[in-house]
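Below: the structure, in structure tokens.
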Amino acid sequence: MDAGQPHSGSPGYDGVGGENRSLDERLDYLALSPQDQIRLRFLAPQFACFSAELVEAFYSHLFASPSAARFLRDPAVVDRLKLLQERHFLSLLEANWDDKYVERRRQVGHSHADVGVDPELFLGAYSRYVQESFRRYFAADGRVMSSDLEAMLSLLKVVFLDVGITLEAYFSQATGALRRALDMYWKANVELRQFAHLASHDLKTPLATVANFCDEALDEFGGQMPVEARQLIESARQRTFRMSKMIDELLSVATSFDLASQLAAVSSQEALEDAVERLTPLIREKRIRLVIPNPLPKVWGDAVRLRESFYNLLSNAVKFSPAESGVVTVTARLGDEVVEFTFADNGPGIPTDDRTAIFAPFRRSSRTREPAGSGLGLYFAKAMIEYQGGQITVESEVGRGSRFHVTLRQVPSSKMGDSPAGSD
Ligand code: HEM
């Protein structure tokens with residue numbers, strides 16, 4: 001581009017997405033004129049004298065900042081960057097404001113978004129660069145501040161042109177990454193549903209076979225068996241049906257996302273009774289004393305999620321209570337609009353440092369002699385309670401036990417059977 005005819009008629013930048021402000025528009029807005037272009041070009045040879053020194057000073061600043069230094073651990077990257085940045089800074093003074101100029105700035109924004117150098121780091125670095133430049137420029141012999149000020153202001157304006165383009169590119173790149181992550185999320189969801197259907201089929205087929213074996217045993221040999229043996233086979237058959245139903249319900253919970261419309265008035269009494277029934281063999285084996293309230297209120301929730309979260313919390317309390325002397329207490333405290341359930345045990349307790357970790361998947365606490373488990377029970381309980389708009393917290397005293405508090409919205413007795421307000 002000719003210095004005499006600077007940016008008049010420069011091609012408008014015709015980018016995509018958020019990067020489509022025309023270059024002419026940018027130049028006009030920043031009042032970057034042909035005079036600025038001439039002044040910048042005049043500065044170029046003077047800046048070239050100290051540009052390498054400037055980049056070194058710039059890097060001392062970056063290395064001194066922990067948030068910047070973490071990007072600069074690889075010396076090969078640093079060498080390449082120094083070269084690219086020196087060239088980049090000098091190109092500000094060449095002032096060739098064309099498509100290529102814009103494209104280079106966008107490239108910096110894209111690279112920074114890819115590696116995670118955020119706009120604040122970039123801006124801070126730029127401001128440092130400007131300060132170092134001013135200092136060196138005005139330190140030269142015979143320079144008079146006022147006459148050179150315009151030139152410095154030209155530089156400032158061009159710096160902000162640069163910043164604007166680069167930041168815009170940064171955000172466009174960052175939202176692109178978000179869109180790609182969302183696409184991956186939906187794809188993973190579809191795959192999860194397919195996997196869940198296959199897994200449910202594979203789990204239910206052997207259950208149906210067991211139920212058939214039970215039927216055959218009862219049909220063919222039922223008459224010759226003692227009554228107790230017949231009862232045991234009958235209850236094994238019942239359990240397989242129940243388990244098959246549970247697999248269907250869990251599958252529907254795992255693959256349903258439209259939850260708000262599914263919240264309904266559900267019985268916490270039934271959820272707790274179900275959990276107690278499933279855990280009765282373990283409760284008997286460990287001789288745990290179980291104290292539960294009766295009756296319990298209805299809450300806004302999802303029947304399967306409530307049942308499974310109560311099961312996980314009760315199972316956790318039973319597992320951690322000592323055999324023979326264990327006491328597990330469930331209480332329900334009614335507030336104005338919510339009900340707080342508490343699952344208390346007299347197990348070993350949870351050290352303060354572990355109280356967040358116990359809700360993370362596969363993160364077990366450092367509690368000694370921890371019973372075997374999947375490492376997912378409390379994680380699922382928390383996820384399911386939160387899905388129902390509730391909250392779960394834990395209190396504990398090492399050596400004396402733990403109390404898990406679950407808060408859910410209570411259904412006023414007049415509204416039982418309705419949908420929750422505002423959810424339909
Ligand atoms: C005045 C501010 C800055 C300018 C002018 C600038 C310039 C550049 C340029 C020209 C590139 C190469 C772009 C490409 O062609 O892909 C780049 C990439 C990069 N920049 Fe910056 N940068 C600045 C600030 C920073 C800061 C503060 C950091 C962090 C300490 C940083 C770290 C990086 C990294 C890690 C890359 C990618 C290097 C690679 O290719 O592996 N930059 N930057």
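Simple scheme: letters A, B, ... for chains in structure tokens order, numbers from 1 for residues in each chain, numbers from 1 for ligands in the order shown.
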For Glu395 in chain A, please output as a PyMOL selection string all residues within 10 Å (counting only C-alpha atoms; exclusion window: fewer than 6 positions along the same chain).
-> chain A and resi 344+349-350+352+355+401-405
Determine which residues of range 261-320 of chain A DSSP labels as strand (DSSP E) from the backbone of this structure, then write them out as number ranges by chain.
-> A: 264-267, 289-291, 298-301
Please produce an output containing N, CA and C atoms for each residue in the selection, written as a PDB file, in the first residue's frame.
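out-v2.pdb, freshly written:
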ATOM      1  N   ALA A 264     -43.173 -34.932  40.388  1.00  0.00           N
ATOM      2  CA  ALA A 264     -44.552 -35.149  40.841  1.00  0.00           C
ATOM      3  C   ALA A 264     -44.529 -35.316  42.352  1.00  0.00           C
ATOM      4  N   ALA A 265     -45.703 -35.387  42.937  1.00  0.00           N
ATOM      5  CA  ALA A 265     -45.768 -35.627  44.378  1.00  0.00           C
ATOM      6  C   ALA A 265     -45.467 -37.108  44.611  1.00  0.00           C
ATOM      7  N   VAL A 266     -44.351 -37.390  45.284  1.00  0.00           N
ATOM      8  CA  VAL A 266     -43.994 -38.805  45.490  1.00  0.00           C
ATOM      9  C   VAL A 266     -43.860 -39.086  46.989  1.00  0.00           C
ATOM     10  N   SER A 267     -44.073 -40.337  47.333  1.00  0.00           N
ATOM     11  CA  SER A 267     -44.088 -40.714  48.742  1.00  0.00           C
ATOM     12  C   SER A 267     -42.679 -41.039  49.232  1.00  0.00           C
ATOM     13  N   ARG A 289     -29.240 -51.700  64.623  1.00  0.00           N
ATOM     14  CA  ARG A 289     -30.543 -51.223  65.114  1.00  0.00           C
ATOM     15  C   ARG A 289     -30.973 -50.065  64.216  1.00  0.00           C
ATOM     16  N   LEU A 290     -32.161 -50.220  63.609  1.00  0.00           N
ATOM     17  CA  LEU A 290     -32.628 -49.222  62.656  1.00  0.00           C
ATOM     18  C   LEU A 290     -33.801 -48.450  63.246  1.00  0.00           C
ATOM     19  N   VAL A 291     -33.676 -47.128  63.280  1.00  0.00           N
ATOM     20  CA  VAL A 291     -34.764 -46.301  63.819  1.00  0.00           C
ATOM     21  C   VAL A 291     -35.286 -45.441  62.671  1.00  0.00           C
ATOM     22  N   LYS A 298     -45.057 -36.442  51.627  1.00  0.00           N
ATOM     23  CA  LYS A 298     -44.787 -36.501  50.178  1.00  0.00           C
ATOM     24  C   LYS A 298     -43.886 -35.326  49.816  1.00  0.00           C
ATOM     25  N   VAL A 299     -43.048 -35.552  48.799  1.00  0.00           N
ATOM     26  CA  VAL A 299     -42.169 -34.474  48.334  1.00  0.00           C
ATOM     27  C   VAL A 299     -42.292 -34.364  46.825  1.00  0.00           C
ATOM     28  N   TRP A 300     -41.864 -33.190  46.282  1.00  0.00           N
ATOM     29  CA  TRP A 300     -41.814 -33.074  44.824  1.00  0.00           C
ATOM     30  C   TRP A 300     -40.554 -33.771  44.365  1.00  0.00           C
ATOM     31  N   GLY A 301     -40.717 -34.774  43.522  1.00  0.00           N
ATOM     32  CA  GLY A 301     -39.530 -35.501  43.081  1.00  0.00           C
ATOM     33  C   GLY A 301     -39.879 -36.482  41.992  1.00  0.00           C
TER      34      GLY A 301
END
Kindly work out which residues sit at most 7 Å from ligand 1, using only C-alpha atoms and all ligand atoms, and give the list as a ChimeraX atom specification.
-> /A:62,68-69,71-72,77,81,84-85,88-89,107-108,111-112,115,117,121-123,125-126,129
List the neighbours of Ala169 in chain A out to 12 Å using only C-alpha atoms; skip same-chain residues closer than 3 positions along the sequence, and give me the result as a ChimeraX atom specification.
-> /A:15-21,102-114,118-119,162-166,172-176
At a cut-off of 12 Å, using only C-alpha atoms, what residues contact Phe241 in chain A? Leave out same-chain residues fewer than 2 positions from it and give the result as a compact mmCIF listing (two decimals) with all heavy atoms, in the first residue's frame.
# COMPACT_ATOMS: atom_id res chain seq x y z
N LYS A 204 -31.33 -58.48 31.45
CA LYS A 204 -32.66 -59.05 31.67
C LYS A 204 -32.79 -60.48 31.13
O LYS A 204 -33.58 -61.26 31.64
CB LYS A 204 -33.73 -58.13 31.06
CG LYS A 204 -33.99 -56.94 31.97
CD LYS A 204 -34.78 -55.86 31.31
CE LYS A 204 -36.17 -56.32 30.95
NZ LYS A 204 -36.92 -55.26 30.25
N THR A 205 -32.00 -60.80 30.09
CA THR A 205 -32.12 -62.14 29.52
C THR A 205 -31.79 -63.23 30.55
O THR A 205 -32.60 -64.14 30.77
CB THR A 205 -31.23 -62.26 28.26
OG1 THR A 205 -31.58 -61.18 27.41
CG2 THR A 205 -31.44 -63.58 27.53
N PRO A 206 -30.62 -63.16 31.23
CA PRO A 206 -30.36 -64.21 32.23
C PRO A 206 -31.37 -64.21 33.38
O PRO A 206 -31.68 -65.27 33.95
CB PRO A 206 -28.95 -63.90 32.74
CG PRO A 206 -28.61 -62.55 32.25
CD PRO A 206 -29.48 -62.26 31.07
N LEU A 207 -31.92 -63.04 33.70
CA LEU A 207 -32.93 -63.00 34.78
C LEU A 207 -34.17 -63.79 34.37
O LEU A 207 -34.75 -64.54 35.18
CB LEU A 207 -33.35 -61.55 35.06
CG LEU A 207 -32.42 -60.74 35.93
CD1 LEU A 207 -32.97 -59.33 36.08
CD2 LEU A 207 -32.27 -61.39 37.30
N ALA A 208 -34.57 -63.63 33.09
CA ALA A 208 -35.74 -64.36 32.61
C ALA A 208 -35.46 -65.86 32.67
O ALA A 208 -36.34 -66.67 33.04
CB ALA A 208 -36.06 -63.93 31.19
N THR A 209 -34.21 -66.26 32.36
CA THR A 209 -33.86 -67.69 32.41
C THR A 209 -33.97 -68.20 33.84
O THR A 209 -34.53 -69.28 34.09
CB THR A 209 -32.41 -67.88 31.89
OG1 THR A 209 -32.27 -67.16 30.69
CG2 THR A 209 -32.09 -69.34 31.67
N VAL A 210 -33.48 -67.41 34.81
CA VAL A 210 -33.55 -67.83 36.23
C VAL A 210 -35.02 -67.99 36.63
O VAL A 210 -35.41 -68.98 37.27
CB VAL A 210 -32.84 -66.80 37.14
CG1 VAL A 210 -33.06 -67.14 38.61
CG2 VAL A 210 -31.36 -66.75 36.84
N ALA A 211 -35.87 -67.05 36.21
CA ALA A 211 -37.30 -67.12 36.56
C ALA A 211 -37.92 -68.39 35.97
O ALA A 211 -38.70 -69.09 36.64
CB ALA A 211 -38.03 -65.88 36.05
N ASN A 212 -37.50 -68.73 34.73
CA ASN A 212 -38.02 -69.96 34.10
C ASN A 212 -37.59 -71.20 34.85
O ASN A 212 -38.38 -72.13 35.06
CB ASN A 212 -37.52 -70.07 32.65
CG ASN A 212 -38.35 -69.18 31.75
OD1 ASN A 212 -39.46 -68.79 32.11
ND2 ASN A 212 -37.80 -68.83 30.59
N CYS A 214 -36.92 -71.39 37.97
CA CYS A 214 -37.70 -71.45 39.22
C CYS A 214 -39.08 -72.04 38.93
O CYS A 214 -39.57 -72.92 39.67
CB CYS A 214 -37.87 -70.05 39.83
SG CYS A 214 -36.35 -69.35 40.43
N GLU A 234 -39.92 -69.58 45.37
CA GLU A 234 -40.93 -68.58 44.97
C GLU A 234 -40.40 -67.17 45.17
O GLU A 234 -40.55 -66.29 44.32
CB GLU A 234 -42.21 -68.84 45.79
CG GLU A 234 -43.37 -67.90 45.48
CD GLU A 234 -43.75 -67.86 44.01
OE1 GLU A 234 -43.71 -68.92 43.34
OE2 GLU A 234 -44.05 -66.76 43.54
N SER A 235 -39.72 -66.94 46.36
CA SER A 235 -39.24 -65.57 46.56
C SER A 235 -38.07 -65.24 45.63
O SER A 235 -37.92 -64.10 45.19
CB SER A 235 -38.94 -65.24 48.02
OG SER A 235 -38.08 -66.18 48.54
N ALA A 236 -37.26 -66.27 45.26
CA ALA A 236 -36.19 -66.01 44.27
C ALA A 236 -36.82 -65.58 42.95
O ALA A 236 -36.35 -64.64 42.28
CB ALA A 236 -35.35 -67.27 44.06
N ARG A 237 -37.95 -66.23 42.58
CA ARG A 237 -38.64 -65.91 41.33
C ARG A 237 -39.18 -64.46 41.39
O ARG A 237 -39.02 -63.69 40.45
CB ARG A 237 -39.78 -66.91 41.17
CG ARG A 237 -40.48 -66.85 39.86
CD ARG A 237 -41.48 -68.00 39.80
NE ARG A 237 -42.48 -67.74 38.78
CZ ARG A 237 -43.54 -66.97 38.96
NH1 ARG A 237 -43.75 -66.40 40.13
NH2 ARG A 237 -44.38 -66.76 37.98
N GLN A 238 -39.77 -64.12 42.54
CA GLN A 238 -40.30 -62.75 42.72
C GLN A 238 -39.19 -61.71 42.56
O GLN A 238 -39.36 -60.67 41.95
CB GLN A 238 -40.93 -62.59 44.11
CG GLN A 238 -42.19 -63.39 44.34
CD GLN A 238 -43.31 -62.91 43.41
OE1 GLN A 238 -43.28 -61.79 42.93
NE2 GLN A 238 -44.26 -63.80 43.13
N ARG A 239 -38.02 -62.06 43.18
CA ARG A 239 -36.90 -61.10 43.13
C ARG A 239 -36.43 -60.86 41.70
O ARG A 239 -36.05 -59.76 41.34
CB ARG A 239 -35.70 -61.60 43.95
CG ARG A 239 -35.93 -61.64 45.43
CD ARG A 239 -35.81 -60.24 46.02
NE ARG A 239 -36.54 -60.21 47.27
CZ ARG A 239 -35.98 -59.99 48.45
NH1 ARG A 239 -34.71 -59.73 48.52
NH2 ARG A 239 -36.69 -59.97 49.53
N MET A 243 -36.20 -57.32 39.99
CA MET A 243 -34.95 -56.79 39.48
C MET A 243 -35.11 -56.36 38.01
O MET A 243 -34.58 -55.32 37.59
CB MET A 243 -33.87 -57.84 39.58
CG MET A 243 -32.51 -57.28 39.37
SD MET A 243 -31.31 -58.34 40.12
CE MET A 243 -29.84 -57.52 39.59
N SER A 244 -35.86 -57.14 37.26
CA SER A 244 -36.10 -56.81 35.86
C SER A 244 -36.83 -55.46 35.75
O SER A 244 -36.49 -54.61 34.92
CB SER A 244 -36.93 -57.93 35.25
OG SER A 244 -37.08 -57.74 33.90
N LYS A 245 -37.79 -55.25 36.66
CA LYS A 245 -38.53 -53.98 36.65
C LYS A 245 -37.58 -52.81 37.02
O LYS A 245 -37.63 -51.74 36.42
CB LYS A 245 -39.67 -54.09 37.67
CG LYS A 245 -40.65 -52.96 37.60
CD LYS A 245 -41.91 -53.29 38.40
CE LYS A 245 -42.70 -52.02 38.63
NZ LYS A 245 -42.64 -51.53 39.99
N MET A 246 -36.70 -53.10 38.01
CA MET A 246 -35.76 -52.06 38.42
C MET A 246 -34.83 -51.66 37.29
O MET A 246 -34.50 -50.48 37.11
CB MET A 246 -34.90 -52.55 39.59
CG MET A 246 -35.46 -52.16 40.93
SD MET A 246 -34.52 -52.92 42.23
CE MET A 246 -32.96 -52.13 42.05
N ILE A 247 -34.41 -52.66 36.50
CA ILE A 247 -33.51 -52.36 35.37
C ILE A 247 -34.24 -51.43 34.39
O ILE A 247 -33.67 -50.44 33.92
CB ILE A 247 -33.05 -53.66 34.67
CG1 ILE A 247 -32.10 -54.42 35.60
CG2 ILE A 247 -32.37 -53.36 33.34
CD1 ILE A 247 -31.76 -55.81 35.14
N ASP A 248 -35.52 -51.73 34.13
CA ASP A 248 -36.29 -50.86 33.22
C ASP A 248 -36.38 -49.44 33.77
O ASP A 248 -36.19 -48.46 33.04
CB ASP A 248 -37.73 -51.39 33.06
CG ASP A 248 -37.76 -52.60 32.14
OD1 ASP A 248 -36.81 -52.74 31.34
OD2 ASP A 248 -38.71 -53.40 32.24
What gap, in Å, lies between CA of Asp28 in chain A and CA of Glu94 in chain A?
->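 Distance reported for this atom pair: 18.5 Å.
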Give the alpha helix (DSSP H) residues of range 127-320 of chain A, as DSSP finds them on the backbone, and put them as an NGL selection string.
-> :A and (127-139 or 145-221 or 227-254 or 268-286 or 303-320)
Closest to Arg193 in chain A among A:Leu149, A:Leu250, A:Leu408, A:Leu30, using only C-alpha atoms?
-> A:Leu250
So which one's closest to Arg307 in chain A, A:Asp345, A:Asp36, A:Asp202, A:Glu249? Using only C-alpha atoms, please.
->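 For Arg307 in chain A, the nearest of the given residues is A:Glu249.
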One-decimal distance in Å that lies between CA of Ile283 in chain A and CA of Val339 in chain A =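 Separation of CA of Val339 in chain A and CA of Ile283 in chain A: 25.8 Å.
Put simply, CA of Val411 in chain A is 10.7 Å away from CA of Leu334 in chain A.
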Taking into account only C-alpha atoms, which residue in the set A:Thr407, A:Gln269, A:Gln388, A:Ser127 is nearest to Phe58 in chain A?
->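 For Phe58 in chain A, the nearest of the candidates is A:Ser127.
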Which residue, A:Ser91, A:Arg128, A:Leu40, A:Lys286, has the smallest gap to Tyr59 in chain A when you use only C-alpha atoms?
->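 Smallest separation from Tyr59 in chain A among the options: A:Arg128.
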